[in-house]
Number of protein chains: 2
Amino acid sequence: MYSERPLDDRKLAVLRAIVQDYVGTEEPVGSKALVERHNLGVSPATVRNDMAALEEDGYIHQPHTSAGRIPTDKGYRLFVDRLAEVKPMTAPERRAIRHFLDGAVDLDDTVARTVRLLAQLTRQVAVVQYPSLSRSTVRHVELVALAPLKVMLVLITNTGRVEQRMVDCPGAVGETVLADLRAKLNTQAVGRPLPEVPGLLEDLPAAFEPADRPTVSTVLATLFETLAEQNEERIMLAGTANLTRFGHDFPLTIQPVLEALEEQVVLLRLLGETADAGMTVRIGHENAYEGLNSTSVVSVGYGSGDQSVAKLGVIGPTRMDYPGTMGAVRAVARYVGQILAES
Amino acid sequence: MYSERPLDDRKLAVLRAIVQDYVGTEEPVGSKALVERHNLGVSPATVRNDMAALEEDGYIHQPHTSAGRIPTDKGYRLFVDRLAEVKPMTAPERRAIRHFLDGAVDLDDTVARTVRLLAQLTRQVAVVQYPSLSRSTVRHVELVALAPLKVMLVLITNTGRVEQRMVDCPGAVGETVLADLRAKLNTQAVGRPLPEVPGLLEDLPAAFEPADRPTVSTVLATLFETLAEQNEERIMLAGTANLTRFGHDFPLTIQPVLEALEEQVVLLRLLGETADAGMTVRIGHENAYEGLNSTSVVSVGYGSGDQSVAKLGVIGPTRMDYPGTMGAVRAVARYVGQILAES
DNA sequence: CCTGGCACTCTGCCCAGCTGAGTGCCAGGG
DNA sequence: CCCTGGCACTCAGCTGGGCAGAGTGCCAGG
């Protein structure tokens with residue numbers, strides 16, 4: 001067993017060719033087919049030697065003795081890191097994306113369109129996380145008296161997200177008190193990032209008559225609760241029908257994936273592992289969740305302006321078109337960001 | 001070819017036994033196995049004769065000459081209509097349902113819990129429609145000035161649904177005008193069914209100063225739009241992982257189903273075909289949508305109080321446990337209704 | 001260091017034969 | 001008149017052998 005040696009250029013070219021062919025045909029690729037389809041300038045025998053070396057280093061693997069080679073997770077990793085360029089979308093594609101997303105009427109619609117678009121472009125399962133509350137800022141807080149002891153609290157963020165909660169007040173609330181509270185809340189909180197808000201408002205009850213303080217505190221408590229509810233993180237999914245093109249050993253592969261997709265928690269954790277900047281590609285066993293061990297996840301943050309407020313990505317078989325997928329993911333993320341910034 | 005004759009009791013019993021066994025084993029059922037498992041009190045030969053008659057009438061069918069029988073859609077139909085009783089949930093099950101749904105914090109959560117519960121109970125794909133706007137009544141309308149020319153309109157329904165829209169006003173809006181409009185809107189619309197609201201409010205602009213009328217009209221227009229947006233009908237889905245237990249000829253069956261599930265429109269139409277009262281069971285080809293031709297849909301309306309505001313149901317293979325599924329669907333619908341009525 | 005040649009190893013496929021489940025029909029009996 | 005036991009028949013699915021083809025590893029020569 002040799003130790004890891006540096007791979008010369010031709011070996012890398014061979015690996016690249018193997019990945020490309022295998023992704024295209026879904027069948028183990030042999031030395032002869034390789035030299036025919038890619039003009040490597042050498043004979044099959046030479047390629048075979050290179051393949052043997054690649055196999056020894058764990059980049060490719062042979063299902064059975066007399067079969068062609070298949071890239072391993074490690075092979076894909078090398079491919080993604082060093083052999084592939086993100087394939088940019090063409091101008092017409094970009095226009096189409098832009099146009100499609102521009103038609104959205106509200107946040108729900110934007111997210112829905114994004115996820116469907118991504119699924120269509122990549123022909124894989126797409127996942128989009130709603131802009132999270134924690135990175136957003138307050139656009140407006142509204143209080144509405146619905147009944148003598150019931151107040152509705154509405155929180156609107158700069159990303160267009162709206163959260164509402166019912167508050168059961170301990171005592172009657174006058175309209176003037178409510179108006180006062182509303183005004184104070186807004187002057188102090190608007191424009192601030194959500195996590196900072198509790199700190200800014202904690203002394204607020206002191207500004208009210210002692211009789212009104214319990215009510216004010218209750219409202220504030222509910223507001224803080226809403227702000228803190230990270231678990232309110234929501235996710236939208238599309239393209240599950242694309243799972244049917246996963247492979248031949250179908251039911252076995254697909255079952256755990258479907259189960260993973262049902263679990264918002266799993267998906268959130270998955271996206272959570274995305275690096276804050278740049279695109280993240282997790283290949284096969286690099287995924288922490290076991291059910292996704294034969295899939296790859298390409299994800300990226302998106303946001304209004306320069307900082308990312310949420311993540312999106314696609315889930316597909318490890319045998320996927322990485323350059324194309326990465327291109328699509330990047331492009332979509334960019335345009336959603338723009339849309340959010342505008343609205 | 002005989003014309004349709006009335007089936008005697010034993011033939012019906014045979015059909016029932018065939019359905020039950022086939023649903024359990026997923027394999028064509030033969031005469032011998034039948035008499036062994038159900039004490040029909042006759043010999044296999046007799047059962048064979050009955051089977052031949054049932055086959056001639058199209059209730060069952062033989063995959064190949066030397067195989068057992070499988071119910072046809074028509075057979076399932078007869079089974080559901082005349083041979084099966086809805087199997088009620090047991091008391092502990094009902095308590096569990098109740099308890100699980102009681103934990104919900106808002107409408108989103110209620111729907112999410114409902115759909116997951118239904119998927120778990122039936123081990124099939126569950127679909128729940130959000131309480132539709134058209135059958136709801138107005139609980140509150142709120143107007144919030146966000147910027148000089150920007151007003152946010154919030155509509156809250158009795159089912160807890162909240163819709164919000166941005167309104168770009170043609171001219172500046174004073175806070176007093178806004179308050180006036182808010183008050184008028186609420187006194188006239190609260191408690192009314194959504195579809196009636198436009199009629200009630202159409203003369204409203206006349207009650208304002210001419211200068212403010214364009215603004216009032218714009219706000220009203222947006223409100224009416226929101227009310228009319230039937231297509232804002234939303235649907236939640238769970239249990240897609242259960243598709244893997246669909247059958248052996250797997251990929252073929254599952255692909256069109258997954259596609260159907262992706263299309264909200266298809267699902268909405270599906271639920272739309274549910275009768276207003278009572279449970280609807282659509283078996284195989286009874287489904288208008290072609291992709292669902294080998295599935296059955298069990299659906300029912302649910303609502304707060306006595307009238308139904310939305311539908312829910314499950315989608316599974318025609319070979320499903322109808323009594324159990326129907327029991328679960330009915331029970332869940334009932335409890336969601338209760339929860340909605342209370343909140 | 002590359003190449004052509006060669007022997008080898010498998011998988012996948014086809015074909016034939018067998019087994020077993022299940023049927024339809026018929027003649028006899030209650 | 002209906003049920004029953006018996007019997008011959010059919011056919012899907014499994015098994016095993018044999019064959020073809022793809023692909024490999026290795027080696028000797030350029």
# chains A, B, ... in the order shown; residues from 1 in each chain; ligands from 1

$ residues_around --residues "D:DC9" --least-positions-apart "6" --cutoff "12 Å" --atoms "only C-alpha atoms (C1' of nucleotides)" --output "list in words"
Thr65 and Ser66 of chain B; DG22, DT23, DG24 and DC25 of chain C

$ write_last_selection --atoms "C-alpha atoms (C1' of nucleotides)" --output "PDB file, in the first residue's frame"
ATOM      1  CA  THR B  65     -54.680 -17.905 -15.132  1.00  0.00           C
ATOM      2  CA  SER B  66     -53.166 -19.808 -12.294  1.00  0.00           C
TER       3      SER B  66
ATOM      4  C1'  DG C  22     -54.507 -22.228  -8.084  1.00  0.00           C
ATOM      5  C1'  DT C  23     -58.039 -22.950 -11.303  1.00  0.00           C
ATOM      6  C1'  DG C  24     -62.245 -25.006 -13.996  1.00  0.00           C
ATOM      7  C1'  DC C  25     -65.018 -28.691 -14.649  1.00  0.00           C
TER       8       DC C  25
END

$ select_by_dssp --residues "stretch 94-224 of chain B" --states "helix (DSSP H, G or I)" --output "PyMOL selection string"
chain B and resi 94-102+107-122+175-189+194-201+204-207+210-224

$ residues_around --residues "stretch 9-14 of chain C" --least-positions-apart "6" --cutoff "10 Å" --atoms "only C-alpha atoms (C1' of nucleotides)" --output "list in words"
His64, Thr65, Ser66 and Ala67 of chain A; DG18, DC19, DA20, DG21, DA22, DG23 and DT24 of chain D

$ residues_around --residues "A:Val14" --least-positions-apart "4" --cutoff "8 Å" --atoms "only C-alpha atoms (C1' of nucleotides)" --output "PDB file with N, CA and C atoms, in the first residue's frame"
ATOM      1  N   ARG A  10      -2.532  13.895 -15.711  1.00  0.00           N
ATOM      2  CA  ARG A  10      -3.349  12.977 -16.499  1.00  0.00           C
ATOM      3  C   ARG A  10      -4.285  12.175 -15.615  1.00  0.00           C
ATOM      4  N   ILE A  18     -13.992  10.259 -15.711  1.00  0.00           N
ATOM      5  CA  ILE A  18     -14.821   9.214 -15.097  1.00  0.00           C
ATOM      6  C   ILE A  18     -16.053   9.818 -14.447  1.00  0.00           C
ATOM      7  N   LEU A  40      -8.028  11.699 -24.644  1.00  0.00           N
ATOM      8  CA  LEU A  40      -6.975  11.789 -23.641  1.00  0.00           C
ATOM      9  C   LEU A  40      -5.595  11.632 -24.264  1.00  0.00           C
ATOM     10  N   VAL A  47      -4.609   4.208 -19.481  1.00  0.00           N
ATOM     11  CA  VAL A  47      -5.690   4.664 -18.615  1.00  0.00           C
ATOM     12  C   VAL A  47      -5.925   3.643 -17.513  1.00  0.00           C
ATOM     13  N   ASP A  50      -3.599   4.181 -14.752  1.00  0.00           N
ATOM     14  CA  ASP A  50      -3.995   5.346 -13.949  1.00  0.00           C
ATOM     15  C   ASP A  50      -5.166   5.004 -13.047  1.00  0.00           C
ATOM     16  N   MET A  51      -6.108   4.259 -13.630  1.00  0.00           N
ATOM     17  CA  MET A  51      -7.281   3.892 -12.844  1.00  0.00           C
ATOM     18  C   MET A  51      -6.876   3.059 -11.630  1.00  0.00           C
TER      19      MET A  51
END

$ select_by_dssp --residues "stretch 72-318 of chain B" --states "strand (DSSP E or B)" --output "ChimeraX atom specification"
/B:125-129,137-147,150-157,162-168,193,235-238,280-283,295-302,310-317

$ write_last_selection --atoms "C-alpha atoms" --output "PDB file, in the first residue's frame"
ATOM      1  CA  VAL B 125     -49.908  10.302   2.734  1.00  0.00           C
ATOM      2  CA  ALA B 126     -52.013  12.898   4.505  1.00  0.00           C
ATOM      3  CA  VAL B 127     -53.314  16.147   3.089  1.00  0.00           C
ATOM      4  CA  VAL B 128     -54.879  18.981   5.031  1.00  0.00           C
ATOM      5  CA  GLN B 129     -56.305  22.106   3.517  1.00  0.00           C
ATOM      6  CA  THR B 137     -65.920  35.156   8.927  1.00  0.00           C
ATOM      7  CA  VAL B 138     -64.047  38.336   9.715  1.00  0.00           C
ATOM      8  CA  ARG B 139     -62.699  38.601  13.215  1.00  0.00           C
ATOM      9  CA  HIS B 140     -60.765  41.793  12.779  1.00  0.00           C
ATOM     10  CA  VAL B 141     -59.356  44.155  10.191  1.00  0.00           C
ATOM     11  CA  GLU B 142     -56.335  46.230  11.057  1.00  0.00           C
ATOM     12  CA  LEU B 143     -54.652  49.102   9.254  1.00  0.00           C
ATOM     13  CA  VAL B 144     -51.148  50.205  10.047  1.00  0.00           C
ATOM     14  CA  ALA B 145     -49.342  53.178   8.566  1.00  0.00           C
ATOM     15  CA  LEU B 146     -45.834  52.065   7.817  1.00  0.00           C
ATOM     16  CA  ALA B 147     -44.688  55.018   5.767  1.00  0.00           C
ATOM     17  CA  LYS B 150     -47.637  52.777   2.688  1.00  0.00           C
ATOM     18  CA  VAL B 151     -50.326  51.094   4.712  1.00  0.00           C
ATOM     19  CA  MET B 152     -50.378  47.543   5.861  1.00  0.00           C
ATOM     20  CA  LEU B 153     -53.688  45.773   5.833  1.00  0.00           C
ATOM     21  CA  VAL B 154     -54.157  42.809   8.146  1.00  0.00           C
ATOM     22  CA  LEU B 155     -57.167  40.551   7.976  1.00  0.00           C
ATOM     23  CA  ILE B 156     -57.877  38.053  10.733  1.00  0.00           C
ATOM     24  CA  THR B 157     -60.514  35.379  10.353  1.00  0.00           C
ATOM     25  CA  VAL B 162     -54.061  35.986   9.161  1.00  0.00           C
ATOM     26  CA  GLU B 163     -53.541  37.595   5.781  1.00  0.00           C
ATOM     27  CA  GLN B 164     -51.571  40.731   5.263  1.00  0.00           C
ATOM     28  CA  ARG B 165     -51.064  42.976   2.273  1.00  0.00           C
ATOM     29  CA  MET B 166     -49.157  46.129   1.575  1.00  0.00           C
ATOM     30  CA  VAL B 167     -51.160  48.982   0.132  1.00  0.00           C
ATOM     31  CA  ASP B 168     -49.551  51.781  -1.821  1.00  0.00           C
ATOM     32  CA  PRO B 193     -68.641  35.728   6.103  1.00  0.00           C
ATOM     33  CA  ILE B 235     -52.379  22.814   1.634  1.00  0.00           C
ATOM     34  CA  MET B 236     -50.084  20.921   3.915  1.00  0.00           C
ATOM     35  CA  LEU B 237     -48.733  17.485   3.248  1.00  0.00           C
ATOM     36  CA  ALA B 238     -47.102  14.739   5.293  1.00  0.00           C
ATOM     37  CA  THR B 280     -65.864  10.732   0.393  1.00  0.00           C
ATOM     38  CA  VAL B 281     -63.917   7.737  -0.840  1.00  0.00           C
ATOM     39  CA  ARG B 282     -62.579   7.806  -4.365  1.00  0.00           C
ATOM     40  CA  ILE B 283     -61.191   4.535  -5.516  1.00  0.00           C
ATOM     41  CA  THR B 295     -54.614   5.191  -5.462  1.00  0.00           C
ATOM     42  CA  SER B 296     -57.618   5.811  -3.305  1.00  0.00           C
ATOM     43  CA  VAL B 297     -58.448   9.073  -1.633  1.00  0.00           C
ATOM     44  CA  VAL B 298     -60.401   9.249   1.596  1.00  0.00           C
ATOM     45  CA  SER B 299     -61.451  12.765   2.426  1.00  0.00           C
ATOM     46  CA  VAL B 300     -63.868  14.648   4.587  1.00  0.00           C
ATOM     47  CA  GLY B 301     -64.728  18.214   5.453  1.00  0.00           C
ATOM     48  CA  TYR B 302     -63.922  19.659   8.833  1.00  0.00           C
ATOM     49  CA  ALA B 310     -61.993  23.013   4.681  1.00  0.00           C
ATOM     50  CA  LYS B 311     -61.172  19.466   3.746  1.00  0.00           C
ATOM     51  CA  LEU B 312     -58.627  16.918   4.788  1.00  0.00           C
ATOM     52  CA  GLY B 313     -57.854  13.404   3.730  1.00  0.00           C
ATOM     53  CA  VAL B 314     -55.352  10.730   2.963  1.00  0.00           C
ATOM     54  CA  ILE B 315     -54.029   9.204  -0.226  1.00  0.00           C
ATOM     55  CA  GLY B 316     -53.008   5.592  -0.323  1.00  0.00           C
ATOM     56  CA  PRO B 317     -52.926   2.563  -2.540  1.00  0.00           C
TER      57      PRO B 317
END

$ interface_residues --of "chain A" --to "chain B" --cutoff "7 Å" --atoms "only C-alpha atoms" --output "ChimeraX atom specification"
/A:238,240-241,244,251,255,258-259,262

$ decode --residues "stretch 9-22 of chain D" --atoms "N, CA and C atoms (P, O5', C5', C4', C3', O3' and C1' of nucleotides)" --output "PDB file, in the first residue's frame"
ATOM      1  P    DC D   9     -54.948 -33.044 -19.050  1.00  0.00           P
ATOM      2  O5'  DC D   9     -54.885 -31.477 -18.787  1.00  0.00           O
ATOM      3  C5'  DC D   9     -56.089 -30.725 -18.782  1.00  0.00           C
ATOM      4  C4'  DC D   9     -55.767 -29.290 -18.441  1.00  0.00           C
ATOM      5  C3'  DC D   9     -54.434 -28.792 -19.015  1.00  0.00           C
ATOM      6  O3'  DC D   9     -54.666 -27.584 -19.712  1.00  0.00           O
ATOM      7  C1'  DC D   9     -54.571 -28.324 -16.693  1.00  0.00           C
ATOM      8  P    DT D  10     -53.452 -26.994 -20.609  1.00  0.00           P
ATOM      9  O5'  DT D  10     -53.190 -25.638 -19.823  1.00  0.00           O
ATOM     10  C5'  DT D  10     -54.290 -24.943 -19.251  1.00  0.00           C
ATOM     11  C4'  DT D  10     -53.759 -23.806 -18.411  1.00  0.00           C
ATOM     12  C3'  DT D  10     -52.487 -23.164 -18.961  1.00  0.00           C
ATOM     13  O3'  DT D  10     -52.643 -21.763 -18.899  1.00  0.00           O
ATOM     14  C1'  DT D  10     -52.144 -23.829 -16.721  1.00  0.00           C
ATOM     15  P    DC D  11     -51.793 -20.837 -19.855  1.00  0.00           P
ATOM     16  O5'  DC D  11     -50.864 -20.145 -18.787  1.00  0.00           O
ATOM     17  C5'  DC D  11     -51.468 -19.621 -17.597  1.00  0.00           C
ATOM     18  C4'  DC D  11     -50.424 -19.464 -16.525  1.00  0.00           C
ATOM     19  C3'  DC D  11     -49.076 -18.939 -17.045  1.00  0.00           C
ATOM     20  O3'  DC D  11     -48.669 -17.913 -16.179  1.00  0.00           O
ATOM     21  C1'  DC D  11     -48.753 -20.828 -15.707  1.00  0.00           C
ATOM     22  P    DA D  12     -47.773 -16.732 -16.761  1.00  0.00           P
ATOM     23  O5'  DA D  12     -47.099 -16.243 -15.404  1.00  0.00           O
ATOM     24  C5'  DA D  12     -47.938 -16.077 -14.265  1.00  0.00           C
ATOM     25  C4'  DA D  12     -47.127 -16.172 -12.996  1.00  0.00           C
ATOM     26  C3'  DA D  12     -45.787 -15.445 -13.012  1.00  0.00           C
ATOM     27  O3'  DA D  12     -45.563 -14.905 -11.723  1.00  0.00           O
ATOM     28  C1'  DA D  12     -45.423 -17.784 -12.748  1.00  0.00           C
ATOM     29  P    DG D  13     -44.246 -14.100 -11.430  1.00  0.00           P
ATOM     30  O5'  DG D  13     -43.318 -15.225 -10.788  1.00  0.00           O
ATOM     31  C5'  DG D  13     -43.812 -16.002  -9.684  1.00  0.00           C
ATOM     32  C4'  DG D  13     -42.699 -16.877  -9.183  1.00  0.00           C
ATOM     33  C3'  DG D  13     -41.324 -16.219  -9.237  1.00  0.00           C
ATOM     34  O3'  DG D  13     -40.584 -16.627  -8.104  1.00  0.00           O
ATOM     35  C1'  DG D  13     -41.300 -18.169 -10.555  1.00  0.00           C
ATOM     36  P    DC D  14     -39.183 -15.985  -7.799  1.00  0.00           P
ATOM     37  O5'  DC D  14     -38.236 -17.251  -7.595  1.00  0.00           O
ATOM     38  C5'  DC D  14     -38.723 -18.388  -6.878  1.00  0.00           C
ATOM     39  C4'  DC D  14     -37.949 -19.607  -7.294  1.00  0.00           C
ATOM     40  C3'  DC D  14     -36.433 -19.386  -7.345  1.00  0.00           C
ATOM     41  O3'  DC D  14     -35.803 -20.295  -6.451  1.00  0.00           O
ATOM     42  C1'  DC D  14     -37.218 -20.462  -9.328  1.00  0.00           C
ATOM     43  P    DT D  15     -34.230 -20.326  -6.311  1.00  0.00           P
ATOM     44  O5'  DT D  15     -33.827 -21.395  -7.408  1.00  0.00           O
ATOM     45  C5'  DT D  15     -34.316 -22.740  -7.321  1.00  0.00           C
ATOM     46  C4'  DT D  15     -33.537 -23.587  -8.296  1.00  0.00           C
ATOM     47  C3'  DT D  15     -32.044 -23.263  -8.318  1.00  0.00           C
ATOM     48  O3'  DT D  15     -31.297 -24.464  -8.283  1.00  0.00           O
ATOM     49  C1'  DT D  15     -32.950 -23.048 -10.499  1.00  0.00           C
ATOM     50  P    DG D  16     -29.718 -24.412  -8.029  1.00  0.00           P
ATOM     51  O5'  DG D  16     -29.180 -24.917  -9.426  1.00  0.00           O
ATOM     52  C5'  DG D  16     -29.831 -25.981 -10.124  1.00  0.00           C
ATOM     53  C4'  DG D  16     -29.195 -26.116 -11.492  1.00  0.00           C
ATOM     54  C3'  DG D  16     -27.717 -25.729 -11.522  1.00  0.00           C
ATOM     55  O3'  DG D  16     -27.024 -26.584 -12.422  1.00  0.00           O
ATOM     56  C1'  DG D  16     -28.904 -24.348 -12.996  1.00  0.00           C
ATOM     57  P    DG D  17     -25.436 -26.556 -12.506  1.00  0.00           P
ATOM     58  O5'  DG D  17     -25.217 -26.578 -14.073  1.00  0.00           O
ATOM     59  C5'  DG D  17     -26.082 -27.360 -14.907  1.00  0.00           C
ATOM     60  C4'  DG D  17     -26.006 -26.839 -16.320  1.00  0.00           C
ATOM     61  C3'  DG D  17     -24.591 -26.453 -16.759  1.00  0.00           C
ATOM     62  O3'  DG D  17     -24.377 -26.880 -18.099  1.00  0.00           O
ATOM     63  C1'  DG D  17     -26.020 -24.594 -16.964  1.00  0.00           C
ATOM     64  P    DG D  18     -22.893 -26.922 -18.664  1.00  0.00           P
ATOM     65  O5'  DG D  18     -23.040 -26.055 -19.990  1.00  0.00           O
ATOM     66  C5'  DG D  18     -24.329 -25.931 -20.634  1.00  0.00           C
ATOM     67  C4'  DG D  18     -24.336 -24.643 -21.418  1.00  0.00           C
ATOM     68  C3'  DG D  18     -22.941 -24.179 -21.868  1.00  0.00           C
ATOM     69  O3'  DG D  18     -23.032 -23.720 -23.203  1.00  0.00           O
ATOM     70  C1'  DG D  18     -23.985 -22.458 -20.667  1.00  0.00           C
ATOM     71  P    DC D  19     -21.713 -23.530 -24.095  1.00  0.00           P
ATOM     72  O5'  DC D  19     -21.946 -22.097 -24.740  1.00  0.00           O
ATOM     73  C5'  DC D  19     -23.284 -21.667 -25.046  1.00  0.00           C
ATOM     74  C4'  DC D  19     -23.347 -20.153 -24.993  1.00  0.00           C
ATOM     75  C3'  DC D  19     -22.081 -19.463 -25.509  1.00  0.00           C
ATOM     76  O3'  DC D  19     -22.429 -18.515 -26.496  1.00  0.00           O
ATOM     77  C1'  DC D  19     -22.731 -18.558 -23.421  1.00  0.00           C
ATOM     78  P    DA D  20     -21.291 -17.984 -27.469  1.00  0.00           P
ATOM     79  O5'  DA D  20     -21.416 -16.425 -27.251  1.00  0.00           O
ATOM     80  C5'  DA D  20     -22.717 -15.827 -27.192  1.00  0.00           C
ATOM     81  C4'  DA D  20     -22.610 -14.473 -26.534  1.00  0.00           C
ATOM     82  C3'  DA D  20     -21.437 -13.627 -27.043  1.00  0.00           C
ATOM     83  O3'  DA D  20     -21.881 -12.303 -27.234  1.00  0.00           O
ATOM     84  C1'  DA D  20     -21.308 -13.847 -24.698  1.00  0.00           C
ATOM     85  P    DG D  21     -20.970 -11.347 -28.153  1.00  0.00           P
ATOM     86  O5'  DG D  21     -20.758 -10.145 -27.146  1.00  0.00           O
ATOM     87  C5'  DG D  21     -21.785  -9.816 -26.210  1.00  0.00           C
ATOM     88  C4'  DG D  21     -21.174  -9.009 -25.085  1.00  0.00           C
ATOM     89  C3'  DG D  21     -19.993  -8.137 -25.530  1.00  0.00           C
ATOM     90  O3'  DG D  21     -20.126  -6.870 -24.921  1.00  0.00           O
ATOM     91  C1'  DG D  21     -19.334  -9.514 -23.742  1.00  0.00           C
ATOM     92  P    DA D  22     -19.284  -5.666 -25.565  1.00  0.00           P
ATOM     93  O5'  DA D  22     -18.997  -4.892 -24.223  1.00  0.00           O
ATOM     94  C5'  DA D  22     -19.892  -5.034 -23.112  1.00  0.00           C
ATOM     95  C4'  DA D  22     -19.105  -4.922 -21.833  1.00  0.00           C
ATOM     96  C3'  DA D  22     -17.937  -3.947 -21.919  1.00  0.00           C
ATOM     97  O3'  DA D  22     -17.984  -3.086 -20.801  1.00  0.00           O
ATOM     98  C1'  DA D  22     -17.181  -6.045 -21.144  1.00  0.00           C
TER      99       DA D  22
END
